[in-house]
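Chemist: Contents are TSV, N, CA and C atoms; file name final06.tsv:
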```tsv
chain	number	residue	atom	x	y	z
A	911	MET	N	-20.43	-21.81	-5.94
A	911	MET	CA	-21.44	-21.52	-6.92
A	911	MET	C	-21.52	-20.00	-7.10
A	912	ILE	N	-21.63	-19.58	-8.34
A	912	ILE	CA	-21.73	-18.16	-8.66
A	912	ILE	C	-23.14	-17.87	-9.15
A	913	ASN	N	-23.76	-16.88	-8.55
A	913	ASN	CA	-25.06	-16.49	-9.07
A	913	ASN	C	-24.90	-15.22	-9.90
A	914	GLY	N	-25.92	-14.80	-10.57
A	914	GLY	CA	-25.86	-13.65	-11.47
A	914	GLY	C	-25.46	-12.35	-10.81
A	915	ASP	N	-25.82	-12.16	-9.55
A	915	ASP	CA	-25.52	-10.91	-8.86
A	915	ASP	C	-24.04	-10.74	-8.55
A	916	GLU	N	-23.29	-11.83	-8.41
A	916	GLU	CA	-21.88	-11.74	-8.05
A	916	GLU	C	-21.04	-11.13	-9.16
A	917	ASN	N	-21.49	-11.24	-10.40
A	917	ASN	CA	-20.75	-10.69	-11.53
A	917	ASN	C	-21.30	-9.35	-11.99
A	918	ALA	N	-22.28	-8.83	-11.30
A	918	ALA	CA	-22.89	-7.56	-11.69
A	918	ALA	C	-21.92	-6.41	-11.43
A	919	CYS	N	-21.90	-5.46	-12.33
A	919	CYS	CA	-21.06	-4.28	-12.18
A	919	CYS	C	-21.63	-3.42	-11.05
A	920	PRO	N	-20.78	-2.93	-10.14
A	920	PRO	CA	-21.28	-2.12	-9.03
A	920	PRO	C	-21.65	-0.69	-9.44
A	921	PHE	N	-21.41	-0.33	-10.69
A	921	PHE	CA	-21.69	1.03	-11.17
A	921	PHE	C	-22.76	0.99	-12.25
A	922	GLU	N	-23.53	2.06	-12.34
A	922	GLU	CA	-24.49	2.20	-13.42
A	922	GLU	C	-24.04	3.38	-14.28
A	923	PHE	N	-23.53	3.08	-15.48
A	923	PHE	CA	-22.95	4.09	-16.34
A	923	PHE	C	-23.97	4.63	-17.33
A	924	ASN	N	-23.77	5.89	-17.72
A	924	ASN	CA	-24.52	6.48	-18.83
A	924	ASN	C	-23.59	6.42	-20.05
A	925	PHE	N	-23.98	5.71	-21.08
A	925	PHE	CA	-23.19	5.59	-22.31
A	925	PHE	C	-23.80	6.41	-23.45
A	926	ASP	N	-24.81	7.22	-23.17
A	926	ASP	CA	-25.49	7.99	-24.21
A	926	ASP	C	-25.12	9.47	-24.10
A	927	PRO	N	-24.17	9.93	-24.94
A	927	PRO	CA	-23.71	11.32	-24.83
A	927	PRO	C	-24.82	12.35	-25.02
A	928	ALA	N	-25.90	11.99	-25.70
A	928	ALA	CA	-27.01	12.92	-25.90
A	928	ALA	C	-27.74	13.22	-24.59
A	929	THR	N	-27.64	12.31	-23.62
A	929	THR	CA	-28.35	12.50	-22.34
A	929	THR	C	-27.42	12.79	-21.17
A	930	PHE	N	-26.12	12.98	-21.45
A	930	PHE	CA	-25.17	13.27	-20.36
A	930	PHE	C	-25.64	14.48	-19.55
A	931	LYS	N	-25.46	14.39	-18.22
A	931	LYS	CA	-25.73	15.53	-17.33
A	931	LYS	C	-24.79	15.43	-16.14
A	932	ALA	N	-24.56	16.55	-15.48
A	932	ALA	CA	-23.69	16.56	-14.31
A	932	ALA	C	-24.20	15.54	-13.30
A	933	GLY	N	-23.27	14.79	-12.72
A	933	GLY	CA	-23.61	13.76	-11.74
A	933	GLY	C	-23.64	12.36	-12.32
A	934	ASP	N	-23.74	12.25	-13.65
A	934	ASP	CA	-23.74	10.93	-14.28
A	934	ASP	C	-22.38	10.25	-14.11
A	935	LEU	N	-22.40	8.94	-13.96
A	935	LEU	CA	-21.17	8.15	-13.98
A	935	LEU	C	-20.92	7.69	-15.40
A	936	VAL	N	-19.67	7.83	-15.83
A	936	VAL	CA	-19.28	7.40	-17.17
A	936	VAL	C	-18.05	6.52	-17.07
A	937	SER	N	-17.88	5.70	-18.07
A	937	SER	CA	-16.67	4.90	-18.22
A	937	SER	C	-15.80	5.67	-19.21
A	938	TYR	N	-14.66	6.20	-18.72
A	938	TYR	CA	-13.80	6.97	-19.62
A	938	TYR	C	-12.50	6.24	-19.88
A	939	ARG	N	-11.78	6.69	-20.92
A	939	ARG	CA	-10.54	6.04	-21.34
A	939	ARG	C	-9.41	7.05	-21.42
A	940	VAL	N	-8.18	6.55	-21.29
A	940	VAL	CA	-6.96	7.34	-21.46
A	940	VAL	C	-6.07	6.54	-22.41
A	941	PRO	N	-6.42	6.48	-23.71
A	941	PRO	CA	-5.72	5.59	-24.63
A	941	PRO	C	-4.24	5.88	-24.81
A	942	GLU	N	-3.80	7.13	-24.63
A	942	GLU	CA	-2.37	7.45	-24.77
A	942	GLU	C	-1.52	6.68	-23.78
A	943	ALA	N	-2.07	6.40	-22.61
A	943	ALA	CA	-1.28	5.76	-21.56
A	943	ALA	C	-1.78	4.36	-21.18
A	944	PHE	N	-3.08	4.11	-21.34
A	944	PHE	CA	-3.66	2.87	-20.83
A	944	PHE	C	-4.53	2.14	-21.84
A	945	GLN	N	-4.30	2.36	-23.14
A	945	GLN	CA	-5.09	1.74	-24.20
A	945	GLN	C	-6.59	1.87	-23.94
A	946	ASP	N	-7.30	0.77	-23.84
A	946	ASP	CA	-8.76	0.81	-23.70
A	946	ASP	C	-9.22	0.49	-22.27
A	947	MET	N	-8.30	0.57	-21.29
A	947	MET	CA	-8.66	0.27	-19.90
A	947	MET	C	-9.75	1.24	-19.43
A	948	PRO	N	-10.82	0.73	-18.84
A	948	PRO	CA	-11.90	1.61	-18.38
A	948	PRO	C	-11.62	2.21	-17.00
A	949	PHE	N	-12.00	3.46	-16.86
A	949	PHE	CA	-11.93	4.16	-15.58
A	949	PHE	C	-13.32	4.71	-15.27
A	950	VAL	N	-13.63	4.89	-13.99
A	950	VAL	CA	-14.93	5.42	-13.58
A	950	VAL	C	-14.79	6.91	-13.33
A	951	GLY	N	-15.62	7.69	-14.01
A	951	GLY	CA	-15.61	9.13	-13.81
A	951	GLY	C	-17.01	9.65	-13.54
A	952	GLU	N	-17.06	10.81	-12.89
A	952	GLU	CA	-18.34	11.48	-12.65
A	952	GLU	C	-18.33	12.79	-13.41
A	953	LEU	N	-19.36	13.02	-14.21
A	953	LEU	CA	-19.45	14.26	-14.97
A	953	LEU	C	-19.74	15.43	-14.03
A	954	VAL	N	-18.99	16.52	-14.21
A	954	VAL	CA	-19.26	17.73	-13.43
A	954	VAL	C	-19.85	18.83	-14.31
A	955	ALA	N	-19.63	18.74	-15.63
A	955	ALA	CA	-20.22	19.69	-16.58
A	955	ALA	C	-20.27	19.03	-17.95
A	956	VAL	N	-21.27	19.42	-18.72
A	956	VAL	CA	-21.44	18.89	-20.07
A	956	VAL	C	-21.57	20.07	-21.03
A	957	GLU	N	-20.66	20.15	-21.99
A	957	GLU	CA	-20.68	21.20	-23.00
A	957	GLU	C	-21.05	20.57	-24.34
A	958	ALA	N	-21.24	21.39	-25.37
A	958	ALA	CA	-21.66	20.88	-26.68
A	958	ALA	C	-20.67	19.90	-27.27
A	959	ASP	N	-19.35	20.15	-27.08
A	959	ASP	CA	-18.34	19.31	-27.73
A	959	ASP	C	-17.39	18.60	-26.78
A	960	HIS	N	-17.59	18.75	-25.47
A	960	HIS	CA	-16.72	18.07	-24.51
A	960	HIS	C	-17.43	17.96	-23.16
A	961	VAL	N	-16.81	17.20	-22.27
A	961	VAL	CA	-17.33	17.07	-20.90
A	961	VAL	C	-16.21	17.38	-19.92
A	962	LEU	N	-16.57	17.75	-18.72
A	962	LEU	CA	-15.63	17.89	-17.63
A	962	LEU	C	-16.00	16.82	-16.61
A	963	LEU	N	-15.00	16.08	-16.16
A	963	LEU	CA	-15.27	14.97	-15.26
A	963	LEU	C	-14.17	14.84	-14.22
A	964	VAL	N	-14.48	14.13	-13.17
A	964	VAL	CA	-13.50	13.80	-12.14
A	964	VAL	C	-13.44	12.29	-12.02
A	965	HIS	N	-12.24	11.78	-11.75
A	965	HIS	CA	-12.09	10.35	-11.48
A	965	HIS	C	-12.82	10.08	-10.19
A	966	GLN	N	-13.54	8.99	-10.12
A	966	GLN	CA	-14.33	8.65	-8.94
A	966	GLN	C	-13.52	8.83	-7.67
A	967	GLY	N	-13.96	9.72	-6.79
A	967	GLY	CA	-13.31	9.94	-5.51
A	967	GLY	C	-12.19	10.97	-5.52
A	968	GLU	N	-11.87	11.56	-6.67
A	968	GLU	CA	-10.80	12.55	-6.78
A	968	GLU	C	-11.40	13.94	-6.99
A	969	LYS	N	-10.54	14.97	-6.88
A	969	LYS	CA	-11.00	16.35	-7.05
A	969	LYS	C	-10.55	16.98	-8.36
A	970	GLN	N	-9.49	16.46	-8.98
A	970	GLN	CA	-8.95	17.04	-10.21
A	970	GLN	C	-9.95	16.93	-11.35
A	971	VAL	N	-10.32	18.07	-11.93
A	971	VAL	CA	-11.26	18.09	-13.05
A	971	VAL	C	-10.48	17.88	-14.35
A	972	MET	N	-11.00	17.00	-15.20
A	972	MET	CA	-10.36	16.68	-16.48
A	972	MET	C	-11.34	16.95	-17.61
A	973	ARG	N	-10.80	17.34	-18.75
A	973	ARG	CA	-11.62	17.55	-19.95
A	973	ARG	C	-11.59	16.28	-20.78
A	974	GLY	N	-12.75	15.87	-21.25
A	974	GLY	CA	-12.84	14.68	-22.09
A	974	GLY	C	-13.73	14.93	-23.30
A	975	THR	N	-13.63	14.04	-24.25
A	975	THR	CA	-14.48	14.13	-25.43
A	975	THR	C	-15.91	13.78	-25.05
A	976	ARG	N	-16.85	14.29	-25.83
A	976	ARG	CA	-18.26	13.95	-25.56
A	976	ARG	C	-18.65	12.81	-26.49
A	977	GLU	N	-18.45	11.60	-26.00
A	977	GLU	CA	-18.81	10.38	-26.72
A	977	GLU	C	-19.16	9.32	-25.69
A	978	SER	N	-19.64	8.17	-26.13
A	978	SER	CA	-20.18	7.17	-25.21
A	978	SER	C	-19.20	6.80	-24.10
A	979	ARG	N	-17.92	6.70	-24.42
A	979	ARG	CA	-16.88	6.50	-23.41
A	979	ARG	C	-15.86	7.61	-23.61
A	980	PRO	N	-15.99	8.72	-22.89
A	980	PRO	CA	-15.12	9.88	-23.12
A	980	PRO	C	-13.63	9.52	-23.11
A	981	VAL	N	-12.88	10.22	-23.96
A	981	VAL	CA	-11.43	10.07	-24.02
A	981	VAL	C	-10.81	11.27	-23.32
A	982	VAL	N	-9.90	10.99	-22.38
A	982	VAL	CA	-9.17	12.01	-21.64
A	982	VAL	C	-7.70	11.87	-22.03
A	983	SER	N	-7.01	13.00	-22.23
A	983	SER	CA	-5.59	12.93	-22.57
A	983	SER	C	-4.78	12.44	-21.38
A	984	ALA	N	-3.64	11.86	-21.65
A	984	ALA	CA	-2.76	11.40	-20.58
A	984	ALA	C	-2.33	12.57	-19.71
A	985	ALA	N	-2.07	13.72	-20.33
A	985	ALA	CA	-1.66	14.90	-19.56
A	985	ALA	C	-2.73	15.30	-18.56
A	986	GLU	N	-3.99	15.29	-18.98
A	986	GLU	CA	-5.10	15.63	-18.08
A	986	GLU	C	-5.23	14.58	-16.98
A	987	ALA	N	-5.21	13.31	-17.37
A	987	ALA	CA	-5.44	12.22	-16.41
A	987	ALA	C	-4.32	12.11	-15.38
A	988	LEU	N	-3.10	12.39	-15.80
A	988	LEU	CA	-1.95	12.25	-14.91
A	988	LEU	C	-1.57	13.56	-14.24
A	989	GLY	N	-2.39	14.60	-14.44
A	989	GLY	CA	-2.16	15.88	-13.77
A	989	GLY	C	-0.99	16.66	-14.30
A	990	GLU	N	-0.61	16.43	-15.56
A	990	GLU	CA	0.55	17.11	-16.13
A	990	GLU	C	0.18	18.36	-16.90
A	991	SER	N	-1.11	18.67	-17.02
A	991	SER	CA	-1.52	19.82	-17.83
A	991	SER	C	-1.69	21.09	-17.02
A	992	HIS	N	-1.56	21.02	-15.71
A	992	HIS	CA	-1.82	22.20	-14.88
A	992	HIS	C	-0.56	22.67	-14.22
```
For this file, produce the structure as structure tokens.
Modeler:
Amino acid sequence: MINGDENACPFEFNFDPATFKAGDLVSYRVPEAFQDMPFVGELVAVEADHVLLVHQGEKQVMRGTRESRPVVSAAEALGESH
């Protein structure tokens, strides 16, 4: 038997770019390489037109778009831009 809690997402994401702040968890995408597959990121900085985030548990900072599910380039996500 499955109850409602077993299917609950273990993360609480912020999908509102107007309220983004450092420390928020976001669901980000890398469409160049992984289409619409969701990844978990933590915002480290929020600028007017972009965000800086890290993949959950990693140290590499990536630049993403400032939208409900930020888009990160494949080069940034795969560490090819540095």
Chemist: Return the single residue from A:Ala955, A:Ala943, A:Val964, A:Ala918 that is closest to Phe930 (chain A), with distances computed using all atoms listed in the file.
Modeler: A:Ala955
Chemist: What is the distance between atom C of Ala958 (chain A) and atom N of Phe921 (chain A), in Å to one decimal?
Modeler: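 Calculated distance between atom C of Ala958 (chain A) and atom N of Phe921 (chain A) is 26.2 Å.
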Chemist: Give the answer as one residue: which of A:Asn924, A:Pro948, A:Glu942, A:Thr929 has the shortest atom-to-atom distance to Glu986 (chain A), using only C-alpha atoms?
Modeler: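 Looking only at the distances to Glu986 (chain A), the closest residue turns out to be A:Glu942.
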Chemist: When DSSP is applied to the backbone of this structure, which of chain A are assigned alpha helix (DSSP H)? Write them out as a JSON list (two decimals) with N, CA and C atoms, in the frame of the given file.
Modeler:
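Contents of selection28.json, freshly written:
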```json
[["chain", "number", "residue", "atom", "x", "y", "z"],
["A", 941, "PRO", "N", -6.42, 6.48, -23.71],
["A", 941, "PRO", "CA", -5.72, 5.59, -24.63],
["A", 941, "PRO", "C", -4.24, 5.88, -24.81],
["A", 942, "GLU", "N", -3.80, 7.13, -24.63],
["A", 942, "GLU", "CA", -2.37, 7.45, -24.77],
["A", 942, "GLU", "C", -1.52, 6.68, -23.78],
["A", 943, "ALA", "N", -2.07, 6.40, -22.61],
["A", 943, "ALA", "CA", -1.28, 5.76, -21.56],
["A", 943, "ALA", "C", -1.78, 4.36, -21.18],
["A", 944, "PHE", "N", -3.08, 4.11, -21.34],
["A", 944, "PHE", "CA", -3.66, 2.87, -20.83],
["A", 944, "PHE", "C", -4.53, 2.14, -21.84],
["A", 984, "ALA", "N", -3.64, 11.86, -21.65],
["A", 984, "ALA", "CA", -2.76, 11.40, -20.58],
["A", 984, "ALA", "C", -2.33, 12.57, -19.71],
["A", 985, "ALA", "N", -2.07, 13.72, -20.33],
["A", 985, "ALA", "CA", -1.66, 14.90, -19.56],
["A", 985, "ALA", "C", -2.73, 15.30, -18.56],
["A", 986, "GLU", "N", -3.99, 15.29, -18.98],
["A", 986, "GLU", "CA", -5.10, 15.63, -18.08],
["A", 986, "GLU", "C", -5.23, 14.58, -16.98],
["A", 987, "ALA", "N", -5.21, 13.31, -17.37],
["A", 987, "ALA", "CA", -5.44, 12.22, -16.41],
["A", 987, "ALA", "C", -4.32, 12.11, -15.38]]
```
Chemist: Which residue, A:Asp959, A:Cys919, A:Arg973, A:Ala984, has the smallest gap to Phe944 (chain A) when you use only N, CA and C atoms?
Modeler: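 Among the listed residues, the smallest separation from Phe944 (chain A) belongs to A:Ala984.
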Chemist: Set up a box along x, y and z of the file covering all listed atoms of region 953-970 of chain A, add 5 Å on every one of the six sides, and write the centre and edge lengths in Å to one decimal, as JSON.
Modeler:
```
{"center_x": -15.3, "center_y": 15.0, "center_z": -16.6, "size_x": 22.7, "size_y": 22.7, "size_z": 32.2}
```
Chemist: Measuring between only C-alpha atoms, which one of A:Tyr938, A:Ala985, A:Arg976, A:Glu990 shows the shortest distance to Asp926 (chain A)?
Modeler: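 So, comparing all the options, the nearest one is A:Arg976.
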Chemist: For a test of reading the model, state the distance in Å between CA of His965 (chain A) and CA of Pro941 (chain A), rounded to one decimal.
Modeler: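 Straight-line distance from CA of His965 (chain A) to CA of Pro941 (chain A) works out to 15.4 Å.
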Chemist: Point out the residue among A:Pro920, A:Leu935, A:His960, A:Val950 with the least atom-to-atom distance to Gly974 (chain A), counting all atoms listed in the file.
Modeler: A:His960
Chemist: Would you compute the distance between CA of Phe923 (chain A) and atom N of Glu977 (chain A)? Give it in Å to one decimal.
Modeler: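 For CA of Phe923 (chain A) relative to atom N of Glu977 (chain A), the distance reads 13.0 Å.
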Chemist: Could you check the closest approach to Val982 (chain A) for each of A:Gln966, A:Glu922, A:Arg939, A:Gln945 and tell me which residue wins, using all atoms listed in the file?
Modeler: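 Answer, going by the shortest atom-to-atom distance: A:Arg939.
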Chemist: Please return as a PDB file with N, CA and C atoms, in the frame of the given file: the residues of chain A that backbone DSSP assigns to strand (DSSP E).
Modeler:
```
ATOM      1  N   LEU A 935     -22.400   8.940 -13.960  1.00  0.00           N
ATOM      2  CA  LEU A 935     -21.170   8.150 -13.980  1.00  0.00           C
ATOM      3  C   LEU A 935     -20.920   7.690 -15.400  1.00  0.00           C
ATOM      4  N   VAL A 936     -19.670   7.830 -15.830  1.00  0.00           N
ATOM      5  CA  VAL A 936     -19.280   7.400 -17.170  1.00  0.00           C
ATOM      6  C   VAL A 936     -18.050   6.520 -17.070  1.00  0.00           C
ATOM      7  N   SER A 937     -17.880   5.700 -18.070  1.00  0.00           N
ATOM      8  CA  SER A 937     -16.670   4.900 -18.220  1.00  0.00           C
ATOM      9  C   SER A 937     -15.800   5.670 -19.210  1.00  0.00           C
ATOM     10  N   TYR A 938     -14.660   6.200 -18.720  1.00  0.00           N
ATOM     11  CA  TYR A 938     -13.800   6.970 -19.620  1.00  0.00           C
ATOM     12  C   TYR A 938     -12.500   6.240 -19.880  1.00  0.00           C
ATOM     13  N   PHE A 949     -12.000   3.460 -16.860  1.00  0.00           N
ATOM     14  CA  PHE A 949     -11.930   4.160 -15.580  1.00  0.00           C
ATOM     15  C   PHE A 949     -13.320   4.710 -15.270  1.00  0.00           C
ATOM     16  N   VAL A 950     -13.630   4.890 -13.990  1.00  0.00           N
ATOM     17  CA  VAL A 950     -14.930   5.420 -13.580  1.00  0.00           C
ATOM     18  C   VAL A 950     -14.790   6.910 -13.330  1.00  0.00           C
ATOM     19  N   GLY A 951     -15.620   7.690 -14.010  1.00  0.00           N
ATOM     20  CA  GLY A 951     -15.610   9.130 -13.810  1.00  0.00           C
ATOM     21  C   GLY A 951     -17.010   9.650 -13.540  1.00  0.00           C
ATOM     22  N   GLU A 952     -17.060  10.810 -12.890  1.00  0.00           N
ATOM     23  CA  GLU A 952     -18.340  11.480 -12.650  1.00  0.00           C
ATOM     24  C   GLU A 952     -18.330  12.790 -13.410  1.00  0.00           C
ATOM     25  N   LEU A 953     -19.360  13.020 -14.210  1.00  0.00           N
ATOM     26  CA  LEU A 953     -19.450  14.260 -14.970  1.00  0.00           C
ATOM     27  C   LEU A 953     -19.740  15.430 -14.030  1.00  0.00           C
ATOM     28  N   VAL A 954     -18.990  16.520 -14.210  1.00  0.00           N
ATOM     29  CA  VAL A 954     -19.260  17.730 -13.430  1.00  0.00           C
ATOM     30  C   VAL A 954     -19.850  18.830 -14.310  1.00  0.00           C
ATOM     31  N   ALA A 955     -19.630  18.740 -15.630  1.00  0.00           N
ATOM     32  CA  ALA A 955     -20.220  19.690 -16.580  1.00  0.00           C
ATOM     33  C   ALA A 955     -20.270  19.030 -17.950  1.00  0.00           C
ATOM     34  N   VAL A 956     -21.270  19.420 -18.720  1.00  0.00           N
ATOM     35  CA  VAL A 956     -21.440  18.890 -20.070  1.00  0.00           C
ATOM     36  C   VAL A 956     -21.570  20.070 -21.030  1.00  0.00           C
ATOM     37  N   HIS A 960     -17.590  18.750 -25.470  1.00  0.00           N
ATOM     38  CA  HIS A 960     -16.720  18.070 -24.510  1.00  0.00           C
ATOM     39  C   HIS A 960     -17.430  17.960 -23.160  1.00  0.00           C
ATOM     40  N   VAL A 961     -16.810  17.200 -22.270  1.00  0.00           N
ATOM     41  CA  VAL A 961     -17.330  17.070 -20.900  1.00  0.00           C
ATOM     42  C   VAL A 961     -16.210  17.380 -19.920  1.00  0.00           C
ATOM     43  N   LEU A 962     -16.570  17.750 -18.720  1.00  0.00           N
ATOM     44  CA  LEU A 962     -15.630  17.890 -17.630  1.00  0.00           C
ATOM     45  C   LEU A 962     -16.000  16.820 -16.610  1.00  0.00           C
ATOM     46  N   LEU A 963     -15.000  16.080 -16.160  1.00  0.00           N
ATOM     47  CA  LEU A 963     -15.270  14.970 -15.260  1.00  0.00           C
ATOM     48  C   LEU A 963     -14.170  14.840 -14.220  1.00  0.00           C
ATOM     49  N   VAL A 964     -14.480  14.130 -13.170  1.00  0.00           N
ATOM     50  CA  VAL A 964     -13.500  13.800 -12.140  1.00  0.00           C
ATOM     51  C   VAL A 964     -13.440  12.290 -12.020  1.00  0.00           C
ATOM     52  N   HIS A 965     -12.240  11.780 -11.750  1.00  0.00           N
ATOM     53  CA  HIS A 965     -12.090  10.350 -11.480  1.00  0.00           C
ATOM     54  C   HIS A 965     -12.820  10.080 -10.190  1.00  0.00           C
ATOM     55  N   VAL A 971     -10.320  18.070 -11.930  1.00  0.00           N
ATOM     56  CA  VAL A 971     -11.260  18.090 -13.050  1.00  0.00           C
ATOM     57  C   VAL A 971     -10.480  17.880 -14.350  1.00  0.00           C
ATOM     58  N   MET A 972     -11.000  17.000 -15.200  1.00  0.00           N
ATOM     59  CA  MET A 972     -10.360  16.680 -16.480  1.00  0.00           C
ATOM     60  C   MET A 972     -11.340  16.950 -17.610  1.00  0.00           C
ATOM     61  N   ARG A 973     -10.800  17.340 -18.750  1.00  0.00           N
ATOM     62  CA  ARG A 973     -11.620  17.550 -19.950  1.00  0.00           C
ATOM     63  C   ARG A 973     -11.590  16.280 -20.780  1.00  0.00           C
ATOM     64  N   GLY A 974     -12.750  15.870 -21.250  1.00  0.00           N
ATOM     65  CA  GLY A 974     -12.840  14.680 -22.090  1.00  0.00           C
ATOM     66  C   GLY A 974     -13.730  14.930 -23.300  1.00  0.00           C
ATOM     67  N   THR A 975     -13.630  14.040 -24.250  1.00  0.00           N
ATOM     68  CA  THR A 975     -14.480  14.130 -25.430  1.00  0.00           C
ATOM     69  C   THR A 975     -15.910  13.780 -25.050  1.00  0.00           C
TER      70      THR A 975
END
```
